[in-house]
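Colleague: This is structure.txt (compact mmCIF, C-alpha atoms).
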# COMPACT_ATOMS: atom_id res chain seq x y z
CA MET A 1 -11.05 -63.87 -18.86
CA PRO A 2 -7.49 -64.60 -17.88
CA SER A 3 -6.58 -63.46 -14.43
CA VAL A 4 -3.78 -61.33 -15.85
CA TYR A 5 -6.31 -59.15 -17.76
CA LYS A 6 -8.57 -58.96 -14.69
CA LEU A 7 -5.65 -57.75 -12.65
CA THR A 8 -4.75 -55.16 -15.28
CA ILE A 9 -8.34 -53.85 -15.51
CA GLN A 10 -8.48 -53.60 -11.72
CA ARG A 11 -5.22 -51.67 -11.67
CA VAL A 12 -6.34 -49.29 -14.42
CA GLY A 13 -9.61 -48.74 -12.55
CA ALA A 14 -7.73 -47.97 -9.36
CA VAL A 15 -5.47 -45.49 -11.14
CA VAL A 16 -8.48 -43.75 -12.76
CA CYS A 17 -10.22 -43.51 -9.38
CA ALA A 18 -7.08 -42.16 -7.76
CA CYS A 19 -6.71 -39.52 -10.50
CA GLY A 20 -10.34 -38.48 -10.07
CA LEU A 21 -9.92 -38.17 -6.33
CA LEU A 22 -6.71 -36.20 -6.81
CA ILE A 23 -8.38 -33.74 -9.21
CA PHE A 24 -11.33 -33.33 -6.84
CA TRP A 25 -8.96 -32.75 -3.91
CA ALA A 26 -6.86 -30.27 -5.86
CA SER A 27 -9.87 -28.24 -6.95
CA SER A 28 -11.26 -28.11 -3.41
CA VAL A 29 -7.87 -27.08 -2.01
CA GLN A 30 -7.64 -24.36 -4.66
CA ALA A 31 -11.06 -23.08 -3.65
CA CYS A 32 -10.09 -23.03 0.03
CA THR A 33 -6.61 -21.65 -0.19
CA ASP A 34 -7.08 -18.97 -2.80
CA PRO A 35 -9.44 -16.53 -1.11
CA LEU A 36 -7.43 -13.56 -2.34
CA ILE A 37 -8.21 -14.30 -5.93
CA THR A 38 -11.83 -15.06 -5.13
CA VAL A 39 -12.31 -11.96 -3.04
CA GLU A 40 -10.57 -9.67 -5.50
CA ALA A 41 -12.58 -11.07 -8.36
CA GLN A 42 -15.81 -10.64 -6.39
CA ALA A 43 -14.87 -7.14 -5.38
CA ILE A 44 -13.95 -6.11 -8.89
CA HIS A 45 -17.25 -7.56 -10.04
CA THR A 46 -18.98 -5.47 -7.36
CA LEU A 47 -17.16 -2.39 -8.59
CA LYS A 48 -18.05 -3.06 -12.18
CA SER A 49 -21.68 -3.45 -11.17
CA ALA A 50 -21.46 -0.20 -9.25
CA ALA A 51 -19.91 1.48 -12.25
CA THR A 52 -22.86 0.60 -14.43
CA GLN A 53 -25.17 2.26 -11.93
CA PRO A 54 -25.56 6.04 -11.85
CA GLN A 55 -22.52 7.80 -10.40
CA ILE A 56 -22.65 8.81 -6.78
CA ASN A 57 -22.22 12.55 -6.65
CA SER A 58 -20.21 14.25 -3.95
CA ASN A 59 -23.32 15.57 -2.19
CA ASP A 60 -24.65 12.06 -1.81
CA ARG A 61 -21.40 10.96 -0.28
CA GLN A 62 -21.34 13.85 2.13
CA SER A 63 -24.90 13.29 3.21
CA GLY A 64 -24.13 9.69 3.95
CA THR A 65 -26.19 8.02 1.27
CA ASP A 66 -23.14 6.10 0.11
CA LYS A 67 -22.77 2.67 1.61
CA SER A 68 -20.77 2.37 4.77
CA PRO A 69 -17.46 0.47 4.54
CA ALA A 70 -18.99 -2.52 6.29
CA GLN A 71 -21.97 -2.62 3.95
CA ASN A 72 -19.84 -2.39 0.89
CA ALA A 73 -17.09 -4.76 1.99
CA ALA A 74 -16.53 -7.78 -0.15
CA PRO A 75 -18.01 -11.01 1.17
CA ALA A 76 -15.80 -12.96 3.52
CA PRO A 77 -14.00 -15.89 1.96
CA ALA A 78 -15.76 -19.21 2.20
CA GLY A 79 -14.88 -21.21 5.24
CA GLY A 80 -13.89 -18.24 7.34
CA SER A 81 -11.10 -20.24 8.91
CA ASN A 82 -8.34 -17.76 8.19
CA SER A 83 -9.34 -15.14 10.73
CA SER A 84 -6.12 -13.15 10.31
CA TYR A 85 -7.03 -12.39 6.75
CA ASP A 86 -8.88 -9.15 6.27
CA PRO A 87 -9.56 -8.38 2.65
CA GLY A 88 -10.20 -4.77 3.63
CA PHE A 89 -11.36 -4.10 0.16
CA THR A 90 -12.46 -0.50 0.43
CA GLY A 91 -14.72 -0.39 -2.57
CA LYS A 92 -16.60 2.32 -0.73
CA GLY A 93 -13.75 4.72 -1.22
CA TYR A 94 -13.58 7.09 -4.13
CA GLY A 95 -10.99 9.58 -5.15
CA ASN A 96 -10.92 12.25 -7.80
CA LEU A 97 -8.75 11.54 -10.79
CA ARG A 98 -7.77 13.59 -13.79
CA VAL A 99 -5.66 12.14 -16.57
CA LYS A 100 -3.52 14.10 -18.98
CA VAL A 101 -2.45 12.49 -22.23
CA ILE A 102 0.58 13.89 -24.00
CA ASP A 103 2.69 13.03 -27.02
CA GLY A 104 5.70 11.24 -25.59
CA ARG A 105 8.11 12.84 -28.04
CA THR A 106 6.86 16.42 -28.34
CA LEU A 107 5.35 16.49 -24.80
CA LYS A 108 2.36 18.34 -26.26
CA PRO A 109 -1.19 17.51 -25.09
CA LEU A 110 -3.17 15.04 -27.17
CA GLU A 111 -6.78 15.91 -27.87
CA GLY A 112 -9.36 13.23 -28.50
CA ALA A 113 -7.52 10.36 -26.83
CA GLU A 114 -9.77 7.82 -25.15
CA VAL A 115 -8.81 6.87 -21.61
CA VAL A 116 -10.32 3.76 -20.07
CA VAL A 117 -10.35 3.08 -16.33
CA MET A 118 -9.96 -0.68 -16.39
CA GLU A 119 -11.58 -1.32 -13.02
CA THR A 120 -14.83 0.41 -13.98
CA GLU A 121 -14.61 -0.02 -17.78
CA LYS A 122 -15.62 3.62 -18.14
CA ARG A 123 -14.23 5.72 -20.98
CA TYR A 124 -13.25 9.37 -21.02
CA ARG A 125 -12.11 11.62 -23.86
CA THR A 126 -9.39 14.23 -23.57
CA ASP A 127 -9.97 17.88 -24.43
CA ALA A 128 -7.73 20.34 -26.28
CA ASN A 129 -5.44 20.47 -23.24
CA GLY A 130 -5.09 16.69 -23.22
CA LEU A 131 -7.16 16.46 -20.05
CA THR A 132 -10.02 14.13 -19.23
CA PRO A 133 -12.86 15.49 -17.12
CA TRP A 134 -12.55 14.88 -13.38
CA ILE A 135 -13.25 11.23 -12.77
CA GLN A 136 -14.75 9.83 -9.61
CA ALA A 137 -12.67 6.68 -9.41
CA PRO A 138 -12.58 3.87 -6.87
CA VAL A 139 -9.75 3.44 -4.40
CA ILE A 140 -8.79 -0.21 -4.58
CA ARG A 141 -6.21 -1.37 -2.09
CA SER A 142 -4.78 -4.69 -3.13
CA ALA A 143 -5.45 -7.50 -0.71
CA ARG A 144 -2.11 -9.07 -1.48
CA PHE A 145 -0.12 -7.40 1.27
CA ARG A 146 -3.03 -6.32 3.44
CA PHE A 147 -2.32 -8.65 6.31
CA LEU A 148 1.40 -7.93 6.21
CA VAL A 149 1.78 -4.22 5.68
CA ASN A 150 -0.95 -1.67 5.15
CA GLU A 151 -1.28 -0.65 1.57
CA LEU A 152 -0.75 3.06 1.90
CA HIS A 153 -2.61 3.94 -1.26
CA GLY A 154 -4.96 2.30 -3.71
CA GLN A 155 -4.03 1.60 -7.30
CA LEU A 156 -5.87 2.00 -10.58
CA ASN A 157 -5.07 0.86 -14.10
CA LEU A 158 -5.67 2.89 -17.23
CA ILE A 159 -5.36 2.46 -20.98
CA SER A 160 -5.22 5.30 -23.44
CA TYR A 161 -6.07 4.93 -27.14
CA LYS A 162 -5.48 7.42 -29.91
CA ASN A 163 -5.55 6.78 -33.62
CA GLY A 164 -2.04 6.80 -35.09
CA TYR A 165 -0.45 6.20 -31.70
CA ARG A 166 0.65 3.13 -29.82
CA ASP A 167 -1.75 2.16 -27.06
CA SER A 168 -0.46 3.10 -23.64
CA VAL A 169 -1.15 0.89 -20.64
CA HIS A 170 -0.62 2.83 -17.44
CA MET A 171 -0.76 0.79 -14.26
CA GLY A 172 -0.61 1.53 -10.55
CA VAL A 173 -2.01 5.05 -10.41
CA ARG A 174 -1.98 5.99 -6.72
CA MET A 175 -5.42 6.76 -5.33
CA ASN A 176 -6.59 7.84 -1.89
CA GLU A 177 -10.10 8.14 -0.48
CA GLY A 178 -11.36 11.68 -1.01
CA GLY A 179 -8.00 12.65 -2.44
CA VAL A 180 -7.21 14.34 -5.71
CA THR A 181 -4.84 12.57 -8.08
CA LYS A 182 -3.35 13.70 -11.36
CA THR A 183 -1.48 11.45 -13.70
CA THR A 184 0.07 11.78 -17.13
CA ILE A 185 0.05 9.19 -19.89
CA TRP A 186 2.68 9.34 -22.59
CA GLN A 187 1.62 8.11 -26.05
CA TYR A 188 4.00 7.51 -28.93
CA GLN A 189 3.15 8.16 -32.55
CA ILE A 190 3.42 5.20 -34.91
CA THR A 191 6.03 5.88 -37.57
CA GLY A 192 7.06 4.10 -40.74
CA GLU A 193 10.13 2.81 -38.95
CA ASP A 194 8.04 0.85 -36.46
CA LYS A 195 8.28 -2.76 -37.56
CA ARG A 196 6.25 -4.19 -34.74
CA VAL A 197 3.57 -2.08 -33.12
CA GLU A 198 2.62 -3.12 -29.61
CA PRO A 199 1.29 -1.31 -26.52
CA ILE A 200 3.59 0.68 -24.28
CA LEU A 201 3.53 -0.22 -20.59
CA TYR A 202 4.22 2.15 -17.76
CA ILE A 203 3.92 0.95 -14.18
CA GLU A 204 3.87 3.64 -11.53
CA PRO A 205 6.32 2.55 -8.88
CA TYR A 206 5.32 1.82 -5.33
CA HIS A 207 6.08 4.69 -3.01
CA ARG A 208 9.54 4.39 -1.48
CA LEU A 209 8.18 4.83 2.07
CA TRP A 210 5.96 1.81 1.57
CA LEU A 211 8.78 -0.29 0.13
CA ILE A 212 10.88 0.44 3.21
CA GLN A 213 8.06 -0.80 5.43
CA LEU A 214 7.57 -3.90 3.31
CA ALA A 215 11.25 -4.84 3.45
CA ASP A 216 11.35 -4.25 7.22
CA ARG A 217 8.34 -6.51 7.67
CA PHE A 218 10.29 -9.63 6.67
CA ARG A 219 13.73 -8.70 7.93
CA ARG A 220 15.28 -11.13 10.39
CA PRO A 221 18.51 -10.87 12.44
CA SER A 222 19.82 -14.00 10.73
CA GLN A 223 20.01 -12.10 7.44
CA ILE A 224 19.74 -8.45 8.26
CA GLY A 225 20.33 -7.28 4.69
CA GLU A 226 20.67 -3.52 4.51
CA GLY A 227 19.39 -3.37 8.09
CA TYR A 228 16.86 -1.07 9.67
CA GLU A 229 17.21 2.57 8.78
CA ARG A 230 19.29 4.69 11.11
CA PRO A 231 19.52 8.46 10.92
CA MET N 1 77.24 27.67 0.19
CA PRO N 2 75.01 25.44 -1.96
CA HIS N 3 72.98 24.73 1.20
CA ILE N 4 72.36 28.41 1.75
CA SER N 5 71.19 28.93 -1.82
CA ARG N 6 68.83 25.93 -1.59
CA LEU N 7 67.42 27.26 1.67
CA SER N 8 66.82 30.68 0.21
CA THR N 9 65.12 29.11 -2.82
CA MET N 10 62.77 27.12 -0.56
CA VAL N 11 61.91 30.20 1.48
CA ALA N 12 61.15 32.12 -1.69
CA VAL N 13 58.93 29.32 -3.02
CA CYS N 14 57.03 29.12 0.28
CA ALA N 15 56.50 32.87 0.29
CA LEU N 16 55.14 32.74 -3.25
CA LEU N 17 52.82 29.84 -2.43
CA SER N 18 51.40 31.63 0.59
CA LEU N 19 50.43 34.50 -1.70
CA LEU N 20 48.43 32.24 -4.01
CA PRO N 21 44.74 32.02 -3.08
CA GLY N 22 43.38 28.65 -2.06
CA ILE N 23 46.75 27.13 -1.27
CA GLY N 24 47.90 27.01 2.29
CA SER N 25 46.83 25.47 5.55
CA PRO N 26 43.36 23.85 5.65
CA GLY N 27 42.20 26.42 8.14
CA ASN N 28 42.55 29.11 5.53
CA ALA N 29 40.40 27.29 2.96
CA ARG N 30 36.88 28.63 3.33
CA ALA N 31 33.93 27.46 1.26
CA GLN N 32 31.75 30.23 -0.01
CA VAL N 33 28.80 30.97 2.24
CA TYR N 34 25.50 31.63 0.49
CA THR N 35 22.99 33.59 2.52
CA ILE N 36 19.39 34.57 2.11
CA GLY N 37 19.20 38.09 0.76
CA ALA N 38 22.55 37.86 -0.99
CA THR N 39 21.65 34.81 -3.08
CA GLY N 40 19.02 34.79 -5.79
CA PHE N 41 16.21 32.26 -5.80
CA PRO N 42 16.99 29.59 -8.44
CA SER N 43 14.98 29.64 -11.64
CA ALA N 44 16.20 26.23 -12.85
CA ILE N 45 18.10 23.22 -11.60
CA ARG N 46 20.29 20.74 -13.49
CA VAL N 47 19.02 17.19 -12.97
CA ALA N 48 21.15 14.22 -14.00
CA ILE N 49 19.02 11.37 -15.29
CA ARG N 50 20.48 7.98 -14.44
CA GLU N 51 19.81 4.82 -16.38
CA ASN N 52 17.12 2.47 -15.15
CA ASN N 53 17.74 -0.86 -13.49
CA ALA N 54 16.24 -4.06 -14.87
CA SER N 55 12.88 -3.38 -13.25
CA GLY N 56 12.62 0.00 -14.91
CA GLU N 57 13.48 2.23 -11.96
CA PRO N 58 16.28 4.80 -11.95
CA ASP N 59 19.41 3.17 -10.57
CA PRO N 60 21.32 5.28 -8.00
CA ARG N 61 24.56 3.70 -9.20
CA GLY N 62 23.54 3.65 -12.85
CA ARG N 63 25.24 5.50 -15.66
CA ILE N 64 24.26 9.13 -16.16
CA ILE N 65 22.45 9.32 -19.48
CA TYR N 66 21.97 13.07 -19.74
CA VAL N 67 21.52 16.23 -17.70
CA THR N 68 18.32 18.18 -18.09
CA ASN N 69 17.49 21.73 -17.05
CA VAL N 70 14.27 21.72 -15.03
CA ASN N 71 12.32 24.70 -13.77
CA PHE N 72 13.13 24.93 -10.04
CA ASP N 73 9.50 25.13 -8.90
CA GLN N 74 8.55 22.24 -11.15
CA TYR N 75 11.44 20.17 -9.81
CA CYS N 76 10.32 20.66 -6.21
CA ARG N 77 6.72 19.87 -7.17
CA ASP N 78 7.81 16.68 -8.93
CA VAL N 79 9.87 15.57 -5.94
CA LEU N 80 7.47 16.16 -3.06
CA PRO N 81 4.81 13.48 -3.84
CA ASN N 82 7.57 10.93 -4.38
CA GLU N 83 9.13 11.68 -1.02
CA TRP N 84 6.03 12.42 1.08
CA PHE N 85 2.61 10.81 0.74
CA SER N 86 0.28 13.27 -0.95
CA ASN N 87 -2.59 12.34 1.40
CA TRP N 88 -0.65 13.18 4.56
CA PRO N 89 -1.73 16.15 6.71
CA VAL N 90 -1.06 19.59 5.31
CA ALA N 91 1.43 20.52 8.05
CA SER N 92 3.55 17.48 7.21
CA LEU N 93 3.47 18.30 3.49
CA GLU N 94 4.41 21.93 4.11
CA ALA N 95 7.34 20.95 6.34
CA GLY N 96 8.34 18.51 3.60
CA ALA N 97 7.99 21.18 0.92
CA ILE N 98 10.41 23.48 2.77
CA ALA N 99 12.89 20.62 3.27
CA VAL N 100 12.73 19.56 -0.39
CA LYS N 101 13.24 23.14 -1.55
CA MET N 102 16.14 23.89 0.83
CA PHE N 103 17.84 20.61 -0.09
CA ALA N 104 17.54 21.44 -3.79
CA TRP N 105 18.64 25.04 -3.31
CA TYR N 106 21.76 24.01 -1.36
CA HIS N 107 22.78 21.53 -4.05
CA HIS N 108 22.03 24.04 -6.79
CA LEU N 109 24.68 26.21 -5.12
CA HIS N 110 27.09 23.27 -4.80
CA PRO N 111 27.04 21.41 -8.14
CA VAL N 112 29.11 18.28 -8.71
CA THR N 113 30.82 16.77 -11.74
CA VAL N 114 30.60 13.02 -12.28
CA ASP N 115 31.73 11.23 -15.45
CA ASN N 116 32.15 14.61 -17.17
CA PHE N 117 28.55 15.60 -16.40
CA THR N 118 28.09 18.67 -14.22
CA PHE N 119 24.80 18.75 -12.38
CA ASP N 120 23.10 19.88 -9.18
CA VAL N 121 21.08 16.77 -8.31
CA ASP N 122 20.21 13.45 -9.90
CA ASN N 123 16.80 11.79 -10.12
CA THR N 124 17.43 9.10 -7.51
CA VAL N 125 17.67 8.76 -3.75
CA ASN N 126 21.29 9.93 -4.03
CA PHE N 127 19.58 13.30 -3.82
CA GLN N 128 15.78 13.31 -3.97
CA THR N 129 13.43 11.06 -5.89
CA TYR N 130 12.33 12.98 -8.98
CA ARG N 131 9.77 11.84 -11.52
CA ALA N 132 8.77 14.25 -14.26
CA GLN N 133 5.10 15.27 -14.29
CA SER N 134 4.28 13.45 -11.07
CA ASP N 135 3.17 16.50 -9.08
CA GLN N 136 -0.13 16.27 -7.23
CA PRO N 137 -2.61 19.01 -6.26
CA SER N 138 -2.14 18.60 -2.50
CA THR N 139 1.64 18.69 -2.67
CA ASP N 140 1.60 21.56 -5.17
CA GLN N 141 -0.50 23.55 -2.74
CA ALA N 142 1.91 22.80 0.11
CA TYR N 143 4.83 23.90 -2.05
CA TYR N 144 3.30 27.20 -3.11
CA THR N 145 2.07 28.00 0.39
CA THR N 146 5.66 27.82 1.63
CA ARG N 147 7.48 28.93 -1.52
CA ASN N 148 8.51 32.29 -0.03
CA LEU N 149 9.91 30.73 3.16
CA ALA N 150 13.46 29.56 3.84
CA TYR N 151 14.64 27.63 6.83
CA VAL N 152 18.31 28.53 7.31
CA LYS N 153 21.18 28.66 9.78
CA ALA N 154 21.27 31.44 12.34
CA ASN N 155 23.67 33.43 10.11
CA LYS N 156 21.11 33.12 7.25
CA GLU N 157 23.29 30.57 5.48
CA ILE N 158 21.46 28.33 3.03
CA PHE N 159 22.00 24.78 4.18
CA GLU N 160 20.54 21.48 3.08
CA LEU N 161 17.68 20.14 5.15
CA ASN N 162 18.27 16.42 5.16
CA TYR N 163 15.56 13.90 5.84
CA ARG N 164 14.98 10.15 6.05
CA ALA N 165 11.93 7.89 6.19
CA GLY N 166 11.99 7.08 9.92
CA TYR N 167 9.31 4.93 11.53
CA GLU N 168 5.54 5.14 11.70
CA ASN N 169 3.58 6.29 14.78
CA SER N 170 6.52 7.95 16.48
CA PRO N 171 8.15 11.38 16.54
CA ASN N 172 11.47 9.61 15.90
CA TRP N 173 13.62 11.34 18.49
CA GLN N 174 16.79 9.72 17.21
CA TYR N 175 16.39 11.65 13.95
CA ARG N 176 16.20 14.90 15.87
CA ASN N 177 19.53 14.05 17.45
CA ALA N 178 20.98 13.53 13.99
CA GLN N 179 19.50 16.80 12.69
CA LYS N 180 17.50 15.02 10.03
CA MET N 181 13.77 15.21 9.65
CA SER N 182 11.92 11.91 9.84
CA GLN N 183 9.21 11.82 7.19
CA TRP N 184 7.02 9.49 9.21
CA GLY N 185 7.79 11.65 12.23
CA SER N 186 6.54 14.72 10.38
CA GLN N 187 3.29 12.91 9.71
CA TYR N 188 3.01 11.87 13.36
CA LEU N 189 3.64 15.40 14.64
CA ALA N 190 1.19 16.87 12.13
CA LEU N 191 -1.47 14.47 13.38
CA GLN N 192 -0.69 15.73 16.90
CA GLY N 193 -1.58 19.23 15.72
CA ARG N 194 1.93 20.66 15.24
CA THR N 195 2.42 23.37 12.64
CA PRO N 196 4.99 23.05 9.83
CA ILE N 197 7.37 25.39 11.64
CA GLN N 198 7.05 23.44 14.88
CA ILE N 199 7.86 20.26 12.96
CA LEU N 200 10.96 21.82 11.43
CA GLU N 201 12.02 23.23 14.81
CA PHE N 202 11.66 19.79 16.34
CA TYR N 203 14.16 18.19 13.93
CA TYR N 204 16.55 21.01 13.09
CA THR N 205 17.88 23.04 15.98
CA GLY N 206 19.63 26.38 15.72
CA ARG N 207 17.90 27.35 12.49
CA MET N 208 15.48 30.09 11.70
CA LEU N 209 12.64 30.80 9.33
CA LEU N 210 13.03 33.68 6.92
CA THR N 211 10.97 35.20 4.16
CA ILE N 212 12.89 35.09 0.89
CA PRO N 213 13.07 38.64 -0.51
CA GLY N 214 11.38 39.04 -3.86
CA VAL N 215 9.87 35.55 -3.89
CA GLY N 216 6.12 35.18 -3.87
CA ARG N 217 3.86 32.25 -3.25
CA GLY N 218 2.55 32.07 -6.80
Please express what this file holds, its structure, as structure tokens.
Modeller:
Amino acid sequence: MPSVYKLTIQRVGAVVCACGLLIFWASSVQACTDPLITVEAQAIHTLKSAATQPQINSNDRQSGTDKSPAQNAAPAPAGGSNSSYDPGFTGKGYGNLRVKVIDGRTLKPLEGAEVVVMETEKRYRTDANGLTPWIQAPVIRSARFRFLVNELHGQLNLISYKNGYRDSVHMGVRMNEGGVTKTTIWQYQITGEDKRVEPILYIEPYHRLWLIQLADRFRRPSQIGEGYERP
Amino acid sequence: MPHISRLSTMVAVCALLSLLPGIGSPGNARAQVYTIGATGFPSAIRVAIRENNASGEPDPRGRIIYVTNVNFDQYCRDVLPNEWFSNWPVASLEAGAIAVKMFAWYHHLHPVTVDNFTFDVDNTVNFQTYRAQSDQPSTDQAYYTTRNLAYVKANKEIFELNYRAGYENSPNWQYRNAQKMSQWGSQYLALQGRTPIQILEFYYTGRMLLTIPGVGRG
């Protein structure tokens, strides 16, 4: 074999090896540096598993049969090197939620709509007043900002379905442990004028008090922006 | 002689102007004072709805799209959870409920006209953050518990109770000096065991608590 070909084969081999090593390195880095995704996914999985088990009633919780926060905390990320990171995933916490579904145009209650709590995959049907039964729903505080600013409330995501209406995706319902939350979903009837029927999205905004804290967290004198609040 | 006639004309004009109401020295111009007992409790409030910004939130500098008439109780209930956290202690929520109501009442009595729209408040932080149908059980309870109470000036004048966020874990003394309630401060004081009235007294001096005649808690 001519030496030119040998050299080429060697080079190709080296490039292939380098690519393999690069892919291996990238995947290991991803696994190490993305604990948020891993932990959230694990925690959501835990919640889903919990949701398939019989519901914990309020008496059980009061008598302490519910798991303690430590017992129910999501597993620590592999490696454990990032000690400042506390997932603080309070899957132990439950709040009471009731959803009202109304017609977005007439504002009248919609009976028979099906509301799904995405995090638990449980389904609830609305009554004649457009109300679901009281739902014992988990309080999930996102780990995203946990080590920067305390999440001041958990968030839940809902979808409502009703025949003849556009699906409504309702995200960011504020939940607190032991608290009572009400929320309203607007659904819009499909008409002949609708050329393209797609879901409606509504994202509940973050509370303004929390946004102020978040902005203050990163503020520096070099670029003070709107500055710290003064009375 | 022409000078004398001009002078007499000017004197006559001045005399006529002084007779007209509302025209004269600034010291004579008095805004109407609304007091508890002489002023009816509002049944509705005009809310200007401003257009949303690109992220879908009402823009305080956005165009006014329309003005809607909202039941006054419902307005206060739909403001409170957007201004205070609904899981805060009851005393903090009740102090907040009184502040939200007095702020709304004052502006109901002092409407403004912008871009040919006349309204009492808008739905943004220009006034108070309002989101329709966002009321929560805990804040509703705080509102109705204090619905019959007004926190007013010593002469019973209805005056806005202003408030700002403030800072966590502190009573926020600087807000007291500015006669504004700190929301975080109200939470802090409530956790220290203060009552709603004590919280209001801490931030607003020279005011008093009154029962609104003919207004119930329900």
Colleague: So how far away is atom CA of N:Trp173 from atom CA of N:Glu160, in Å?
Modeller: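 Calculated distance between atom CA of N:Glu160 and atom CA of N:Trp173 is 19.7 Å.
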Colleague: Each residue of chain N lying at most 8 Å from chain A should get a row with its shortest atom-to-atom pair and the distance in Å to one decimal, counting all atoms listed in the file; could you produce that, ordered by chain and increasing number, as a Markdown table?
Modeller:
| residue | atom | partner | partner_atom | distance |
| --- | --- | --- | --- | --- |
| N:Glu57 | CA | A:Pro205 | CA | 7.8 |
| N:Asn82 | CA | A:His207 | CA | 6.6 |
| N:Glu83 | CA | A:Arg208 | CA | 7.3 |
| N:Trp84 | CA | A:Leu209 | CA | 8.0 |
| N:Phe85 | CA | A:His207 | CA | 8.0 |
| N:Asn87 | CA | A:Gly179 | CA | 6.6 |
| N:Gln133 | CA | A:Thr184 | CA | 6.7 |
| N:Ser134 | CA | A:Thr183 | CA | 6.6 |
| N:Asp135 | CA | A:Lys182 | CA | 7.5 |
| N:Gln136 | CA | A:Lys182 | CA | 5.8 |
| N:Pro137 | CA | A:Val180 | CA | 6.6 |
| N:Ser138 | CA | A:Val180 | CA | 7.4 |
| N:Arg164 | CA | A:Pro231 | CA | 6.9 |
| N:Ala165 | CA | A:Leu209 | CA | 6.4 |
| N:Gly166 | CA | A:Glu229 | CA | 7.0 |
| N:Gln174 | CA | A:Pro231 | CA | 7.0 |
| N:Tyr175 | CA | A:Pro231 | CA | 5.4 |
| N:Ala178 | CA | A:Pro231 | CA | 6.1 |
| N:Lys180 | CA | A:Pro231 | CA | 6.9 |
Colleague: Could the residues in this selection be written to a file with C-alpha atoms, as a PDB file, in the coordinates of the input?
Modeller:
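Saved result, selection-v2.pdb, follows:
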ATOM      1  CA  GLU N  57      13.480   2.230 -11.960  1.00  0.00           C
ATOM      2  CA  ASN N  82       7.570  10.930  -4.380  1.00  0.00           C
ATOM      3  CA  GLU N  83       9.130  11.680  -1.020  1.00  0.00           C
ATOM      4  CA  TRP N  84       6.030  12.420   1.080  1.00  0.00           C
ATOM      5  CA  PHE N  85       2.610  10.810   0.740  1.00  0.00           C
ATOM      6  CA  ASN N  87      -2.590  12.340   1.400  1.00  0.00           C
ATOM      7  CA  GLN N 133       5.100  15.270 -14.290  1.00  0.00           C
ATOM      8  CA  SER N 134       4.280  13.450 -11.070  1.00  0.00           C
ATOM      9  CA  ASP N 135       3.170  16.500  -9.080  1.00  0.00           C
ATOM     10  CA  GLN N 136      -0.130  16.270  -7.230  1.00  0.00           C
ATOM     11  CA  PRO N 137      -2.610  19.010  -6.260  1.00  0.00           C
ATOM     12  CA  SER N 138      -2.140  18.600  -2.500  1.00  0.00           C
ATOM     13  CA  ARG N 164      14.980  10.150   6.050  1.00  0.00           C
ATOM     14  CA  ALA N 165      11.930   7.890   6.190  1.00  0.00           C
ATOM     15  CA  GLY N 166      11.990   7.080   9.920  1.00  0.00           C
ATOM     16  CA  GLN N 174      16.790   9.720  17.210  1.00  0.00           C
ATOM     17  CA  TYR N 175      16.390  11.650  13.950  1.00  0.00           C
ATOM     18  CA  ALA N 178      20.980  13.530  13.990  1.00  0.00           C
ATOM     19  CA  LYS N 180      17.500  15.020  10.030  1.00  0.00           C
TER      20      LYS N 180
END
Colleague: Would you mind reading off the distance between atom CA of N:Ile98 and atom CA of N:Ile45, one decimal, in Å?
Modeller: 16.3 Å
Colleague: List the neighbours of A:Gln136 out to 8 Å using only C-alpha atoms; skip same-chain residues closer than 2 positions along the sequence, and give me the result as a list in words.
Modeller: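 Using only C-alpha atoms, the neighbours found are Tyr94, Gly95, Asn96, Leu97, Trp134 and Pro138 of chain A.
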Colleague: So the first atom is atom CA of A:Asp216 and the second is atom CA of N:Gly96; what is the distance between them in Å, to one decimal place?
Modeller: 23.2 Å
Colleague: With all atoms listed in the file counted and 8 Å as the cut-off, give the residues of stretch 79-170 of chain N in contact with stretch 32-36 of chain N, each with its shortest interatomic distance in Å and the pair that gives it, as a tab-separated table.
Modeller:
residue	atom	partner	partner_atom	distance
N:Leu109	CA	N:Tyr34	CA	7.8
N:Ala150	CA	N:Ile36	CA	8.0
N:Asn155	CA	N:Thr35	CA	7.6
N:Lys156	CA	N:Thr35	CA	5.1
N:Glu157	CA	N:Thr35	CA	4.2
N:Ile158	CA	N:Thr35	CA	5.5
Colleague: From the list A:Arg144, A:Arg125, A:Arg217, A:Arg98, which residue is nearest A:Glu111 when using only C-alpha atoms?
Modeller: A:Arg125
Colleague: Leaving out N:Asp120 and any residue of its chain fewer than 4 positions from it, which residues lie within 10 Å of it when counting only C-alpha atoms, given as a PyMOL selection string?
Modeller: chain N and resi 45-48+67+69+104-113+127
Colleague: At a cut-off of 12 Å around the point (10.5, 23.0, 13.0) (file coordinates), what residues fall inside when counting all atoms listed in the file? I'd like the answer as an MDAnalysis selection string.
Modeller: chainID N and resid 91:92 94:96 98:99 150:152 161 176 179:182 185:186 189:190 194:209
Colleague: Calculated over all atoms listed in the file, which of the candidates A:Ser168, A:Asn157, A:Gln187, A:Asn163 has the smallest distance to A:Gly130?
Modeller: A:Gln187
Colleague: Identify the residues within 12 Å of coordinate (21.6, 5.1, -4.3) (same frame as the file), considering all atoms listed in the file, and give the answer as a list in words.
Modeller: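 Checked against the point, the hits come out as Arg50, Asn53, Glu57, Pro58, Asp59, Pro60, Arg61, Gly62, Arg63, Asp122, Asn123, Thr124, Val125, Asn126, Phe127, Gln128 and Thr129 of chain N.
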